$ cat entry_17.txt   # compact mmCIF, C-alpha atoms
# COMPACT_ATOMS: atom_id res chain seq x y z
CA MET A 1 111.51 -93.36 -45.88
CA SER A 2 109.23 -91.58 -48.35
CA THR A 3 106.51 -91.35 -45.67
CA TYR A 4 108.38 -88.62 -43.81
CA PHE A 5 109.05 -86.58 -46.95
CA ASP A 6 105.44 -87.02 -48.10
CA ILE A 7 104.32 -84.83 -45.20
CA ILE A 8 105.82 -81.94 -47.16
CA MET A 9 105.91 -83.17 -50.74
CA VAL A 10 102.30 -84.35 -51.16
CA PRO A 11 100.68 -81.06 -50.01
CA LEU A 12 103.27 -79.21 -52.09
CA GLN A 13 102.22 -81.14 -55.20
CA VAL A 14 98.55 -80.43 -54.48
CA LEU A 15 99.40 -76.72 -54.28
CA ILE A 16 101.30 -76.84 -57.57
CA VAL A 17 98.43 -78.59 -59.33
CA PHE A 18 95.95 -76.02 -57.98
CA PHE A 19 98.02 -73.06 -59.17
CA THR A 20 98.74 -74.70 -62.53
CA ILE A 21 95.03 -75.23 -63.23
CA TYR A 22 94.14 -71.80 -61.87
CA TYR A 23 96.65 -69.93 -64.05
CA PHE A 24 95.76 -71.99 -67.11
CA VAL A 25 91.99 -71.50 -66.82
CA ILE A 26 92.34 -67.77 -66.06
CA SER A 27 94.66 -67.27 -69.08
CA LEU A 28 92.07 -68.71 -71.48
CA PHE A 29 89.77 -65.76 -70.78
CA GLY A 30 92.55 -63.41 -71.88
CA ILE A 31 92.61 -64.68 -75.45
CA LEU A 32 88.86 -64.82 -76.05
CA PRO A 33 87.35 -62.10 -78.26
CA ARG A 34 86.30 -59.09 -76.19
CA LYS A 35 82.65 -58.20 -75.86
CA LYS A 36 81.74 -54.96 -77.57
CA GLU A 37 81.36 -52.26 -74.94
CA LYS A 38 78.80 -49.48 -75.15
CA LYS A 39 80.85 -46.48 -74.06
CA ILE A 40 79.87 -43.20 -72.45
CA LEU A 41 81.51 -40.65 -74.75
CA THR A 42 80.45 -37.41 -73.04
CA PRO A 43 83.33 -36.02 -70.91
CA GLN A 44 82.07 -35.57 -67.34
CA THR A 45 84.83 -36.53 -64.92
CA THR A 46 87.35 -34.02 -63.60
CA PHE A 47 90.89 -35.38 -63.26
CA ALA A 48 93.97 -34.29 -61.35
CA VAL A 49 96.76 -35.80 -63.46
CA ILE A 50 99.72 -36.41 -61.15
CA VAL A 51 103.28 -37.25 -62.19
CA ALA A 52 105.80 -38.34 -59.54
CA ALA A 53 109.30 -37.33 -60.65
CA HIS A 54 112.74 -37.65 -59.02
CA ASN A 55 115.57 -36.17 -61.12
CA GLU A 56 113.70 -36.69 -64.38
CA GLU A 57 114.74 -33.60 -66.37
CA LYS A 58 115.52 -35.79 -69.41
CA VAL A 59 111.98 -37.12 -69.81
CA ILE A 60 109.51 -34.97 -67.85
CA GLY A 61 109.11 -32.32 -70.55
CA GLU A 62 108.01 -34.82 -73.20
CA LEU A 63 105.41 -36.32 -70.87
CA VAL A 64 103.90 -32.97 -69.84
CA GLU A 65 103.66 -31.89 -73.48
CA ASN A 66 102.08 -35.25 -74.29
CA LEU A 67 99.52 -34.81 -71.47
CA HIS A 68 98.52 -31.42 -72.86
CA MET A 69 97.61 -33.21 -76.13
CA LEU A 70 95.04 -35.57 -74.59
CA ARG A 71 91.70 -35.64 -76.40
CA TYR A 72 89.79 -34.42 -73.38
CA PRO A 73 88.45 -30.93 -72.49
CA ASP A 74 91.22 -28.80 -71.00
CA GLU A 75 88.91 -27.45 -68.31
CA LEU A 76 88.28 -30.97 -66.97
CA TYR A 77 91.87 -31.86 -66.11
CA ASP A 78 95.00 -30.26 -64.68
CA ILE A 79 98.57 -31.56 -64.73
CA PHE A 80 100.53 -31.70 -61.47
CA VAL A 81 104.19 -32.69 -61.19
CA ILE A 82 105.77 -33.67 -57.87
CA ALA A 83 109.45 -32.70 -58.10
CA ASP A 84 110.45 -35.06 -55.32
CA ASN A 85 113.88 -34.53 -53.72
CA CYS A 86 115.22 -33.32 -57.07
CA SER A 87 118.76 -32.04 -57.47
CA ASP A 88 118.43 -31.36 -61.20
CA HIS A 89 116.15 -29.14 -63.34
CA THR A 90 113.03 -31.35 -63.21
CA ALA A 91 110.86 -28.62 -61.67
CA GLU A 92 112.03 -25.98 -64.12
CA VAL A 93 111.51 -28.19 -67.18
CA ALA A 94 108.05 -29.27 -65.99
CA ARG A 95 106.95 -25.65 -65.37
CA LYS A 96 108.19 -24.58 -68.77
CA ALA A 97 106.16 -27.40 -70.34
CA GLY A 98 103.03 -26.13 -68.59
CA ALA A 99 102.62 -28.27 -65.48
CA LEU A 100 101.65 -27.16 -61.97
CA VAL A 101 104.81 -28.08 -60.04
CA TYR A 102 105.00 -28.93 -56.34
CA GLU A 103 108.50 -29.37 -54.95
CA ARG A 104 109.02 -31.74 -52.03
CA PHE A 105 112.18 -32.21 -49.97
CA ASN A 106 112.24 -34.96 -47.37
CA GLN A 107 115.31 -37.16 -46.94
CA GLU A 108 113.68 -39.39 -44.32
CA GLU A 109 110.51 -40.41 -46.16
CA VAL A 110 111.97 -41.34 -49.54
CA GLY A 111 110.08 -43.01 -52.36
CA LYS A 112 107.11 -42.64 -54.66
CA GLY A 113 104.57 -43.77 -52.06
CA PHE A 114 105.57 -41.00 -49.64
CA ALA A 115 105.61 -38.43 -52.45
CA LEU A 116 102.07 -39.35 -53.52
CA GLU A 117 100.76 -39.25 -49.97
CA TRP A 118 102.21 -35.75 -49.56
CA MET A 119 100.79 -34.62 -52.91
CA PHE A 120 97.29 -35.84 -52.08
CA ARG A 121 97.29 -33.63 -48.99
CA GLN A 122 98.23 -30.61 -51.11
CA LEU A 123 95.55 -31.52 -53.63
CA PHE A 124 92.75 -31.86 -51.11
CA ALA A 125 93.61 -28.43 -49.65
CA LEU A 126 92.97 -26.67 -52.98
CA ASP A 127 89.78 -24.72 -53.67
CA LYS A 128 89.31 -26.67 -56.87
CA GLN A 129 88.44 -30.31 -56.28
CA TYR A 130 88.63 -33.25 -58.68
CA ALA A 131 86.51 -36.37 -59.02
CA ALA A 132 89.53 -38.58 -59.63
CA VAL A 133 93.31 -38.62 -59.78
CA ALA A 134 95.30 -40.19 -62.63
CA ILE A 135 98.85 -41.18 -61.72
CA PHE A 136 101.80 -41.54 -64.11
CA ASP A 137 105.56 -42.04 -63.94
CA ALA A 138 107.83 -39.40 -65.44
CA ASP A 139 109.15 -41.70 -68.18
CA ASN A 140 105.67 -42.46 -69.55
CA LEU A 141 103.84 -41.45 -72.68
CA VAL A 142 100.05 -41.54 -72.71
CA HIS A 143 97.56 -42.41 -75.44
CA PRO A 144 95.48 -39.31 -76.38
CA ASP A 145 92.25 -41.13 -75.50
CA PHE A 146 93.39 -42.21 -72.03
CA LEU A 147 91.18 -39.83 -70.02
CA LYS A 148 88.26 -40.33 -72.39
CA GLU A 149 88.40 -44.09 -71.79
CA MET A 150 88.78 -43.62 -68.05
CA ASN A 151 85.85 -41.19 -67.98
CA ASN A 152 83.73 -43.91 -69.57
CA ARG A 153 84.62 -46.40 -66.85
CA PHE A 154 84.36 -43.86 -64.04
CA CYS A 155 80.88 -42.84 -65.17
CA LYS A 156 79.89 -46.51 -64.98
CA GLY A 157 80.78 -46.58 -61.30
CA GLU A 158 84.30 -48.04 -61.23
CA LYS A 159 86.41 -46.39 -58.51
CA LEU A 160 89.87 -47.92 -59.07
CA ILE A 161 90.96 -48.41 -62.67
CA GLN A 162 94.25 -49.59 -64.15
CA GLY A 163 95.14 -48.74 -67.74
CA TYR A 164 96.81 -50.99 -70.31
CA LEU A 165 100.57 -51.09 -69.66
CA ASP A 166 102.38 -50.89 -72.98
CA VAL A 167 106.06 -50.18 -73.71
CA LYS A 168 107.49 -47.17 -75.53
CA ASN A 169 110.95 -48.68 -76.22
CA PRO A 170 110.39 -52.35 -77.13
CA ASN A 171 113.16 -52.32 -79.75
CA ASP A 172 115.99 -50.73 -77.75
CA SER A 173 117.57 -54.01 -76.61
CA TRP A 174 116.74 -57.64 -75.94
CA VAL A 175 116.08 -56.66 -72.31
CA SER A 176 113.47 -54.00 -73.11
CA GLY A 177 112.15 -56.27 -75.86
CA THR A 178 111.56 -59.23 -73.56
CA PHE A 179 110.13 -56.90 -70.91
CA ALA A 180 107.63 -55.71 -73.52
CA ILE A 181 106.64 -59.29 -74.36
CA ASN A 182 106.16 -60.04 -70.68
CA PHE A 183 103.92 -57.00 -70.17
CA TRP A 184 101.82 -57.76 -73.26
CA ILE A 185 101.26 -61.32 -72.09
CA VAL A 186 100.45 -60.36 -68.48
CA ASN A 187 98.07 -57.63 -69.70
CA HIS A 188 95.99 -60.25 -71.45
CA VAL A 189 96.30 -63.53 -69.53
CA TRP A 190 96.12 -61.90 -66.11
CA HIS A 191 94.64 -58.39 -66.00
CA LEU A 192 92.15 -58.58 -68.88
CA ALA A 193 91.28 -62.20 -68.12
CA LYS A 194 90.51 -61.54 -64.47
CA TYR A 195 88.50 -58.41 -65.23
CA THR A 196 86.49 -60.35 -67.83
CA ILE A 197 85.32 -62.88 -65.24
CA GLY A 198 84.67 -60.34 -62.50
CA LEU A 199 87.86 -60.61 -60.44
CA SER A 200 90.08 -57.75 -59.32
CA SER A 201 93.09 -56.57 -61.25
CA VAL A 202 96.14 -55.08 -59.52
CA PHE A 203 97.52 -51.56 -59.88
CA GLY A 204 100.70 -51.42 -61.96
CA GLY A 205 102.36 -48.29 -60.57
CA THR A 206 101.40 -46.03 -63.47
CA GLY A 207 98.29 -45.39 -65.53
CA MET A 208 96.23 -45.66 -62.35
CA VAL A 209 92.96 -43.79 -61.81
CA ILE A 210 91.57 -43.51 -58.27
CA ALA A 211 88.30 -41.91 -57.18
CA THR A 212 89.03 -38.96 -54.88
CA GLU A 213 86.27 -40.12 -52.54
CA VAL A 214 88.16 -43.37 -51.97
CA LEU A 215 91.39 -41.53 -51.16
CA LYS A 216 89.62 -39.19 -48.76
CA LYS A 217 87.72 -41.96 -46.99
CA TYR A 218 90.49 -44.55 -46.63
CA GLY A 219 93.66 -42.50 -47.14
CA TRP A 220 96.65 -43.49 -49.27
CA LYS A 221 99.05 -44.86 -46.63
CA ALA A 222 100.86 -46.98 -49.24
CA THR A 223 104.55 -46.29 -48.82
CA CYS A 224 106.34 -49.63 -49.34
CA LEU A 225 108.52 -50.46 -52.37
CA THR A 226 105.41 -51.64 -54.27
CA GLU A 227 102.94 -49.00 -53.21
CA ASP A 228 100.67 -49.92 -56.13
CA MET A 229 100.06 -53.48 -54.89
CA GLU A 230 99.82 -52.26 -51.29
CA PHE A 231 97.01 -49.82 -52.13
CA THR A 232 95.26 -52.45 -54.26
CA MET A 233 95.12 -54.91 -51.37
CA LYS A 234 94.18 -52.25 -48.87
CA CYS A 235 91.15 -51.31 -50.99
CA LEU A 236 90.29 -54.95 -51.71
CA LEU A 237 89.95 -55.50 -47.96
CA GLU A 238 87.33 -52.74 -48.03
CA GLY A 239 85.48 -54.51 -50.84
CA ILE A 240 86.71 -52.19 -53.61
CA PRO A 241 88.20 -54.13 -56.56
CA THR A 242 90.56 -52.71 -59.17
CA ALA A 243 89.11 -52.60 -62.68
CA TRP A 244 91.10 -53.00 -65.90
CA CYS A 245 90.70 -50.71 -68.91
CA GLN A 246 92.18 -52.30 -72.02
CA ASP A 247 91.73 -49.20 -74.19
CA ALA A 248 93.32 -46.66 -71.83
CA ILE A 249 96.94 -47.11 -72.88
CA ILE A 250 100.17 -45.98 -71.19
CA TYR A 251 103.63 -46.36 -72.72
CA ASP A 252 106.22 -47.10 -70.06
CA GLU A 253 109.99 -47.03 -70.57
CA LYS A 254 111.63 -50.38 -69.80
CA PRO A 255 115.27 -50.93 -68.76
CA GLN A 256 117.72 -51.40 -71.59
CA THR A 257 120.33 -53.33 -69.62
CA PHE A 258 120.03 -56.55 -67.67
CA LYS A 259 121.57 -54.93 -64.60
CA ALA A 260 118.95 -52.17 -64.53
CA SER A 261 116.24 -54.77 -65.08
CA TRP A 262 117.64 -56.89 -62.23
CA ASN A 263 117.65 -53.98 -59.78
CA GLN A 264 114.13 -52.91 -60.68
CA ARG A 265 112.69 -56.42 -60.38
CA LYS A 266 114.51 -57.06 -57.11
CA ARG A 267 112.80 -53.96 -55.70
CA TRP A 268 109.46 -55.29 -56.94
CA ALA A 269 110.12 -58.69 -55.35
CA GLN A 270 111.05 -57.10 -52.02
CA GLY A 271 107.87 -55.03 -52.04
CA GLN A 272 105.68 -57.99 -53.04
CA PHE A 273 106.96 -60.09 -50.14
CA ASP A 274 106.41 -57.12 -47.83
CA VAL A 275 102.80 -56.73 -48.98
CA ALA A 276 102.21 -60.48 -48.79
CA GLY A 277 103.44 -60.60 -45.22
CA ARG A 278 101.08 -57.82 -44.14
CA TYR A 279 97.96 -58.58 -46.20
CA MET A 280 97.80 -62.29 -47.03
CA GLY A 281 96.33 -63.31 -43.66
CA LYS A 282 93.93 -60.36 -43.56
CA LEU A 283 92.65 -61.09 -47.07
CA LEU A 284 92.20 -64.78 -46.31
CA LYS A 285 90.29 -64.06 -43.10
CA GLU A 286 88.10 -61.38 -44.68
CA GLY A 287 87.46 -63.44 -47.82
CA ILE A 288 86.31 -66.43 -45.78
CA ARG A 289 84.22 -64.26 -43.46
CA LYS A 290 82.43 -62.58 -46.36
CA ARG A 291 82.56 -65.66 -48.61
CA ASP A 292 83.90 -63.31 -51.27
CA ILE A 293 85.78 -64.98 -54.13
CA VAL A 294 87.16 -61.62 -55.29
CA ILE A 295 88.92 -61.03 -51.96
CA LEU A 296 90.13 -64.64 -51.82
CA ASP A 297 91.58 -64.21 -55.30
CA GLY A 298 93.62 -61.36 -53.84
CA VAL A 299 95.30 -63.94 -51.61
CA ILE A 300 96.54 -65.69 -54.75
CA ASP A 301 97.85 -62.37 -56.08
CA VAL A 302 100.01 -61.68 -53.03
CA PHE A 303 101.05 -65.34 -52.73
CA GLN A 304 102.68 -65.39 -56.17
CA PRO A 305 106.29 -64.69 -55.05
CA TYR A 306 105.97 -67.48 -52.48
CA PHE A 307 104.68 -69.79 -55.20
CA MET A 308 107.80 -68.98 -57.22
CA LEU A 309 109.95 -70.16 -54.29
CA ILE A 310 107.81 -73.27 -53.78
CA SER A 311 107.86 -74.26 -57.45
CA THR A 312 111.63 -73.72 -57.62
CA PHE A 313 112.06 -75.98 -54.58
CA PHE A 314 109.86 -78.62 -56.20
CA VAL A 315 111.85 -78.54 -59.45
CA LEU A 316 115.03 -79.21 -57.46
CA CYS A 317 113.33 -82.03 -55.56
CA SER A 318 111.93 -83.59 -58.74
CA THR A 319 115.41 -83.52 -60.29
CA ILE A 320 116.74 -85.48 -57.29
CA TYR A 321 113.68 -87.75 -57.54
CA ASN A 322 114.84 -88.92 -60.98
CA PHE A 323 117.83 -90.53 -59.28
CA VAL A 324 116.47 -91.18 -55.78
CA PRO A 325 112.66 -91.44 -55.52
CA PHE A 326 112.40 -90.13 -51.97
CA TYR A 327 108.72 -89.10 -51.99
CA THR A 328 105.41 -90.23 -53.50
CA ASN A 329 104.72 -88.59 -56.85
CA VAL A 330 101.01 -87.79 -57.05
CA LEU A 331 101.09 -85.21 -59.86
CA TYR A 332 99.64 -87.55 -62.47
CA ALA A 333 97.12 -88.94 -60.03
CA LEU A 334 95.85 -85.43 -59.37
CA LEU A 335 96.02 -84.32 -63.00
CA PRO A 336 96.14 -86.79 -65.90
CA TYR A 337 99.26 -86.86 -68.07
CA HIS A 338 97.45 -85.70 -71.23
CA VAL A 339 96.19 -82.61 -69.36
CA TRP A 340 99.79 -81.75 -68.40
CA GLN A 341 100.65 -82.09 -72.10
CA VAL A 342 97.89 -79.67 -73.11
CA ILE A 343 99.03 -77.13 -70.52
CA GLY A 344 102.65 -77.57 -71.62
CA VAL A 345 101.78 -76.79 -75.22
CA ALA A 346 99.49 -73.91 -74.21
CA GLN A 347 102.32 -72.06 -72.46
CA TYR A 348 103.86 -71.55 -75.91
CA VAL A 349 100.67 -71.20 -77.97
CA ILE A 350 98.93 -68.58 -75.78
CA PRO A 351 101.84 -66.06 -75.91
CA ALA A 352 101.99 -66.53 -79.68
CA ILE A 353 98.26 -65.82 -79.97
CA ILE A 354 98.71 -62.61 -77.97
CA LEU A 355 101.61 -61.43 -80.15
CA PHE A 356 99.43 -62.04 -83.20
CA LYS A 357 96.52 -60.15 -81.59
CA ILE A 358 98.60 -57.04 -80.92
CA ASN A 359 100.29 -57.23 -84.33
CA ALA A 360 103.77 -57.45 -82.79
CA ALA A 361 106.71 -56.28 -84.88
CA PRO A 362 109.15 -58.84 -86.39
CA LYS A 363 111.81 -57.76 -83.90
CA SER A 364 109.52 -58.64 -81.01
CA TRP A 365 109.06 -62.12 -82.44
CA PHE A 366 112.86 -62.41 -82.58
CA TYR A 367 113.11 -61.39 -78.93
CA THR A 368 110.95 -64.37 -77.95
CA LEU A 369 114.17 -66.40 -78.27
CA PHE A 370 115.51 -64.49 -75.25
CA TYR A 371 112.24 -64.52 -73.31
CA PRO A 372 113.15 -67.62 -71.23
CA LEU A 373 116.20 -65.71 -69.91
CA LEU A 374 113.89 -63.07 -68.46
CA LEU A 375 111.55 -65.68 -66.96
CA TYR A 376 114.22 -67.86 -65.34
CA SER A 377 116.11 -64.86 -64.00
CA TRP A 378 113.08 -64.27 -61.79
CA VAL A 379 114.15 -67.26 -59.68
CA PRO A 380 117.31 -65.75 -58.13
CA ILE A 381 115.65 -62.31 -58.04
CA THR A 382 112.71 -63.70 -56.06
CA ILE A 383 115.06 -65.46 -53.64
CA LEU A 384 116.94 -62.19 -53.08
CA GLY A 385 113.64 -60.35 -52.71
CA PHE A 386 112.63 -62.76 -49.95
CA LEU A 387 115.96 -62.41 -48.14
CA HIS A 388 115.77 -58.59 -48.30
CA ARG A 389 112.00 -58.26 -47.88
CA HIS A 390 112.31 -56.12 -44.75
CA GLU A 391 114.56 -53.54 -46.43
CA HIS A 392 112.87 -50.40 -47.75
CA VAL A 393 115.66 -48.58 -49.58
CA TRP A 394 114.20 -47.07 -52.74
CA SER A 395 116.10 -47.97 -55.94
CA HIS A 396 115.51 -45.28 -58.55
CA THR A 397 115.55 -46.28 -62.22
CA ILE A 398 117.58 -43.68 -64.14
CA HIS A 399 116.19 -42.45 -67.47
CA THR A 400 118.61 -40.77 -69.86
CA ARG A 401 116.82 -40.99 -73.20
CA SER A 402 113.98 -38.71 -74.24
CA ILE A 403 111.30 -40.12 -76.54
CA SER A 404 108.52 -37.88 -77.80
CA PHE A 405 105.01 -39.11 -78.50
CA ASN A 406 105.56 -38.51 -82.21
CA ASP A 407 108.34 -41.11 -82.09
CA VAL A 408 105.93 -43.81 -80.97
CA LEU A 409 103.55 -45.62 -83.29
CA VAL A 410 100.53 -46.28 -81.11
CA PRO A 411 97.57 -48.60 -81.65
CA GLU A 412 94.02 -47.27 -81.69
CA SER A 413 93.33 -49.99 -79.15
CA ALA A 414 95.31 -52.82 -77.61
CA GLU A 415 93.72 -55.28 -80.06
CA THR A 416 94.54 -53.58 -83.36
CA GLY A 417 97.60 -52.87 -85.41
CA PRO A 418 99.86 -49.81 -85.16
CA LYS A 419 98.42 -46.52 -86.31
CA GLN A 420 99.88 -43.01 -86.19
CA ILE A 421 97.79 -40.77 -83.96
CA VAL A 422 96.36 -37.66 -85.60
CA LEU A 423 95.41 -35.00 -83.07
CA PRO A 424 92.72 -32.36 -83.57
CA LYS A 425 94.09 -28.94 -84.52
CA GLU A 426 93.32 -27.34 -81.16
CA LYS A 427 95.48 -29.95 -79.39
CA ARG A 428 98.49 -29.80 -81.71
$ encode --input "entry_17.txt" --output "structure tokens"
Amino acid sequence: MSTYFDIIMVPLQVLIVFFTIYYFVISLFGILPRKKEKKILTPQTTFAVIVAAHNEEKVIGELVENLHMLRYPDELYDIFVIADNCSDHTAEVARKAGALVYERFNQEEVGKGFALEWMFRQLFALDKQYAAVAIFDADNLVHPDFLKEMNNRFCKGEKLIQGYLDVKNPNDSWVSGTFAINFWIVNHVWHLAKYTIGLSSVFGGTGMVIATEVLKKYGWKATCLTEDMEFTMKCLLEGIPTAWCQDAIIYDEKPQTFKASWNQRKRWAQGQFDVAGRYMGKLLKEGIRKRDIVILDGVIDVFQPYFMLISTFFVLCSTIYNFVPFYTNVLYALLPYHVWQVIGVAQYVIPAIILFKINAAPKSWFYTLFYPLLLYSWVPITILGFLHRHEHVWSHTIHTRSISFNDVLVPESAETGPKQIVLPKEKR
């Protein structure tokens, strides 16, 4: 009887072993000491700093004030706020804080992707042109050296650059706390690790820097629920990888309640399946045609939600297998038992190493007890994301709490302990 089931179960086990080894090996490069980088410190790049905001009057003012404090020449960057379909005082608050505000009203094309596409058209029509755009969400706070670090990378020829995604409210609740842990781990074992070995990172929705020449040549045209991943894969098909900048830090607000977290992640899952359906085949074909490992690695990026479904299915099958061995188990033939043990231990040791590296607060260590709840909740969320993958209704995360930059203790880099930022007098 097992012969019939083996048609499915043996290839499935091979796939699981491949992904297990792949993720494990990649993660090791995220905990190695970073090579010292010789940085270009002279400001040269002009930036259009763009903030997409929908009914964000509670938080937009703090961000605009924060952006005015960046340690970068004022004449080399301007701050633009898209007040997108706002029914509150977002535009008024942003103007008062010193931003250039563009109001957009379109009830048919709703969502951040459409708002950005519209804003780029307004930007390119201006007399003043910029070498790059830097994109943030309204609930963010930004490290004062963000543009300085991005200038360094841009001057070295990188065209798409993602900044380090930190969290500004890691102690608000166990939900925001576990979200913070998840982002810190992913920053290191995925983004930093892949960049270290020459693979492409993936845009994270905020803290993104894009060369204007790329936008003008290929267009934005990323309007799904995960426009960041969509644009990443679109550019990867053109042979343009996304770089990772560990020292350009953004502080993002994470949901405080499990319900808000659930809704946000469901939207992400829907968008990821959407992008996978449209780009996985194209990336695979182009990667094979060009024999380009960077493009082929993009296939693994977009395949991740499907791997979640596959691994969940295998766990259920292996549970049944303990009572009724209905297929041939080849896991230990493909990968020796002691290697599985090493990987099993590493999944606890590597996160601990990262928390030590970033000098995590005692409360964050406490929240590791709840971390499995966040991880396992991805299973039903991913299933729902697959079932609703063709829906494109934008789910807006509501922000009601204002946090100023002075309320956040920020690290000088993502590898050092917390340190209060002291701004030069002219930027205070």
$ closest_residue --input "entry_17.txt" --among "A:Phe356, A:Met229, A:Val51, A:Glu65" --to "Tyr102 (chain A)" --atoms "only C-alpha atoms"
A:Val51
$ residues_around --input "entry_17.txt" --residues "Phe146 (chain A)" --least-positions-apart "3" --cutoff "6 Å" --atoms "only C-alpha atoms" --output "NGL selection string"
:A and (143 or 149 or 248)
$ residues_around --input "entry_17.txt" --residues "region 22-36 of chain A" --least-positions-apart "3" --cutoff "12 Å" --atoms "all atoms listed in the file" --output "JSON, numbers by chain"
{"A": [15, 16, 17, 18, 19, 39, 184, 185, 186, 187, 188, 189, 190, 191, 192, 193, 194, 195, 196, 197, 198, 199, 245, 246, 247, 297, 300, 301, 304, 307, 339, 340, 342, 343, 344, 345, 346, 347, 348, 349, 350, 351, 352, 353, 354, 355, 356, 357, 358, 413, 414, 415]}
$ atom_distance --input "entry_17.txt" --atom1 "CA of Ala94 (chain A)" --atom2 "CA of Ile60 (chain A)"
6.2 Å
$ closest_residue --input "entry_17.txt" --among "A:Ala115, A:Val142, A:Leu296, A:Val14" --to "Ile250 (chain A)" --atoms "all atoms listed in the file"
A:Val142
$ residues_around --input "entry_17.txt" --residues "Ala138 (chain A)" --least-positions-apart "4" --cutoff "7 Å" --atoms "only C-alpha atoms" --output "list of chain:residue names"
A:Val51, A:Ala52, A:Ala53, A:Glu56, A:Val59, A:Ile60, A:Leu63
$ atom_distance --input "entry_17.txt" --atom1 "CA of Leu100 (chain A)" --atom2 "CA of Asp228 (chain A)"
23.5 Å
$ atom_distance --input "entry_17.txt" --atom1 "CA of Ile79 (chain A)" --atom2 "CA of Leu160 (chain A)"
19.4 Å
$ build_atoms --input "entry_17.txt" --residues "region 84-89 of chain A" --atoms "all heavy atoms" --output "PDB file, in the coordinates of the input"
ATOM      1  N   ASP A  84     110.185 -34.453 -56.621  1.00  0.00           N
ATOM      2  CA  ASP A  84     110.450 -35.060 -55.320  1.00  0.00           C
ATOM      3  C   ASP A  84     111.948 -35.228 -55.060  1.00  0.00           C
ATOM      4  O   ASP A  84     112.625 -36.015 -55.718  1.00  0.00           O
ATOM      5  CB  ASP A  84     109.768 -36.433 -55.269  1.00  0.00           C
ATOM      6  CG  ASP A  84     109.877 -37.084 -53.909  1.00  0.00           C
ATOM      7  OD1 ASP A  84     109.701 -36.373 -52.907  1.00  0.00           O
ATOM      8  OD2 ASP A  84     110.153 -38.301 -53.858  1.00  0.00           O
ATOM      9  N   ASN A  85     112.458 -34.454 -54.092  1.00  0.00           N
ATOM     10  CA  ASN A  85     113.880 -34.530 -53.720  1.00  0.00           C
ATOM     11  C   ASN A  85     114.788 -34.394 -54.943  1.00  0.00           C
ATOM     12  O   ASN A  85     115.775 -35.129 -55.084  1.00  0.00           O
ATOM     13  CB  ASN A  85     114.175 -35.842 -52.994  1.00  0.00           C
ATOM     14  CG  ASN A  85     113.608 -35.867 -51.588  1.00  0.00           C
ATOM     15  OD1 ASN A  85     113.701 -34.885 -50.845  1.00  0.00           O
ATOM     16  ND2 ASN A  85     113.010 -36.985 -51.214  1.00  0.00           N
ATOM     17  N   CYS A  86     114.455 -33.476 -55.820  1.00  0.00           N
ATOM     18  CA  CYS A  86     115.220 -33.320 -57.070  1.00  0.00           C
ATOM     19  C   CYS A  86     116.453 -32.443 -56.860  1.00  0.00           C
ATOM     20  O   CYS A  86     116.392 -31.412 -56.173  1.00  0.00           O
ATOM     21  CB  CYS A  86     114.341 -32.718 -58.158  1.00  0.00           C
ATOM     22  SG  CYS A  86     113.017 -33.814 -58.718  1.00  0.00           S
ATOM     23  N   SER A  87     117.533 -32.845 -57.487  1.00  0.00           N
ATOM     24  CA  SER A  87     118.760 -32.040 -57.470  1.00  0.00           C
ATOM     25  C   SER A  87     119.124 -31.585 -58.882  1.00  0.00           C
ATOM     26  O   SER A  87     120.215 -31.064 -59.111  1.00  0.00           O
ATOM     27  CB  SER A  87     119.909 -32.864 -56.881  1.00  0.00           C
ATOM     28  OG  SER A  87     120.106 -34.068 -57.609  1.00  0.00           O
ATOM     29  N   ASP A  88     118.202 -31.790 -59.823  1.00  0.00           N
ATOM     30  CA  ASP A  88     118.430 -31.360 -61.200  1.00  0.00           C
ATOM     31  C   ASP A  88     117.385 -30.305 -61.570  1.00  0.00           C
ATOM     32  O   ASP A  88     116.858 -29.617 -60.711  1.00  0.00           O
ATOM     33  CB  ASP A  88     118.404 -32.555 -62.153  1.00  0.00           C
ATOM     34  CG  ASP A  88     117.027 -33.208 -62.225  1.00  0.00           C
ATOM     35  OD1 ASP A  88     116.131 -32.804 -61.446  1.00  0.00           O
ATOM     36  OD2 ASP A  88     116.836 -34.118 -63.052  1.00  0.00           O
ATOM     37  N   HIS A  89     117.075 -30.182 -62.865  1.00  0.00           N
ATOM     38  CA  HIS A  89     116.150 -29.140 -63.340  1.00  0.00           C
ATOM     39  C   HIS A  89     114.754 -29.691 -63.645  1.00  0.00           C
ATOM     40  O   HIS A  89     114.050 -29.126 -64.487  1.00  0.00           O
ATOM     41  CB  HIS A  89     116.730 -28.472 -64.590  1.00  0.00           C
ATOM     42  CG  HIS A  89     118.067 -27.828 -64.361  1.00  0.00           C
ATOM     43  ND1 HIS A  89     118.225 -26.691 -63.604  1.00  0.00           N
ATOM     44  CD2 HIS A  89     119.312 -28.187 -64.786  1.00  0.00           C
ATOM     45  CE1 HIS A  89     119.501 -26.353 -63.570  1.00  0.00           C
ATOM     46  NE2 HIS A  89     120.187 -27.247 -64.272  1.00  0.00           N
TER      47      HIS A  89
END
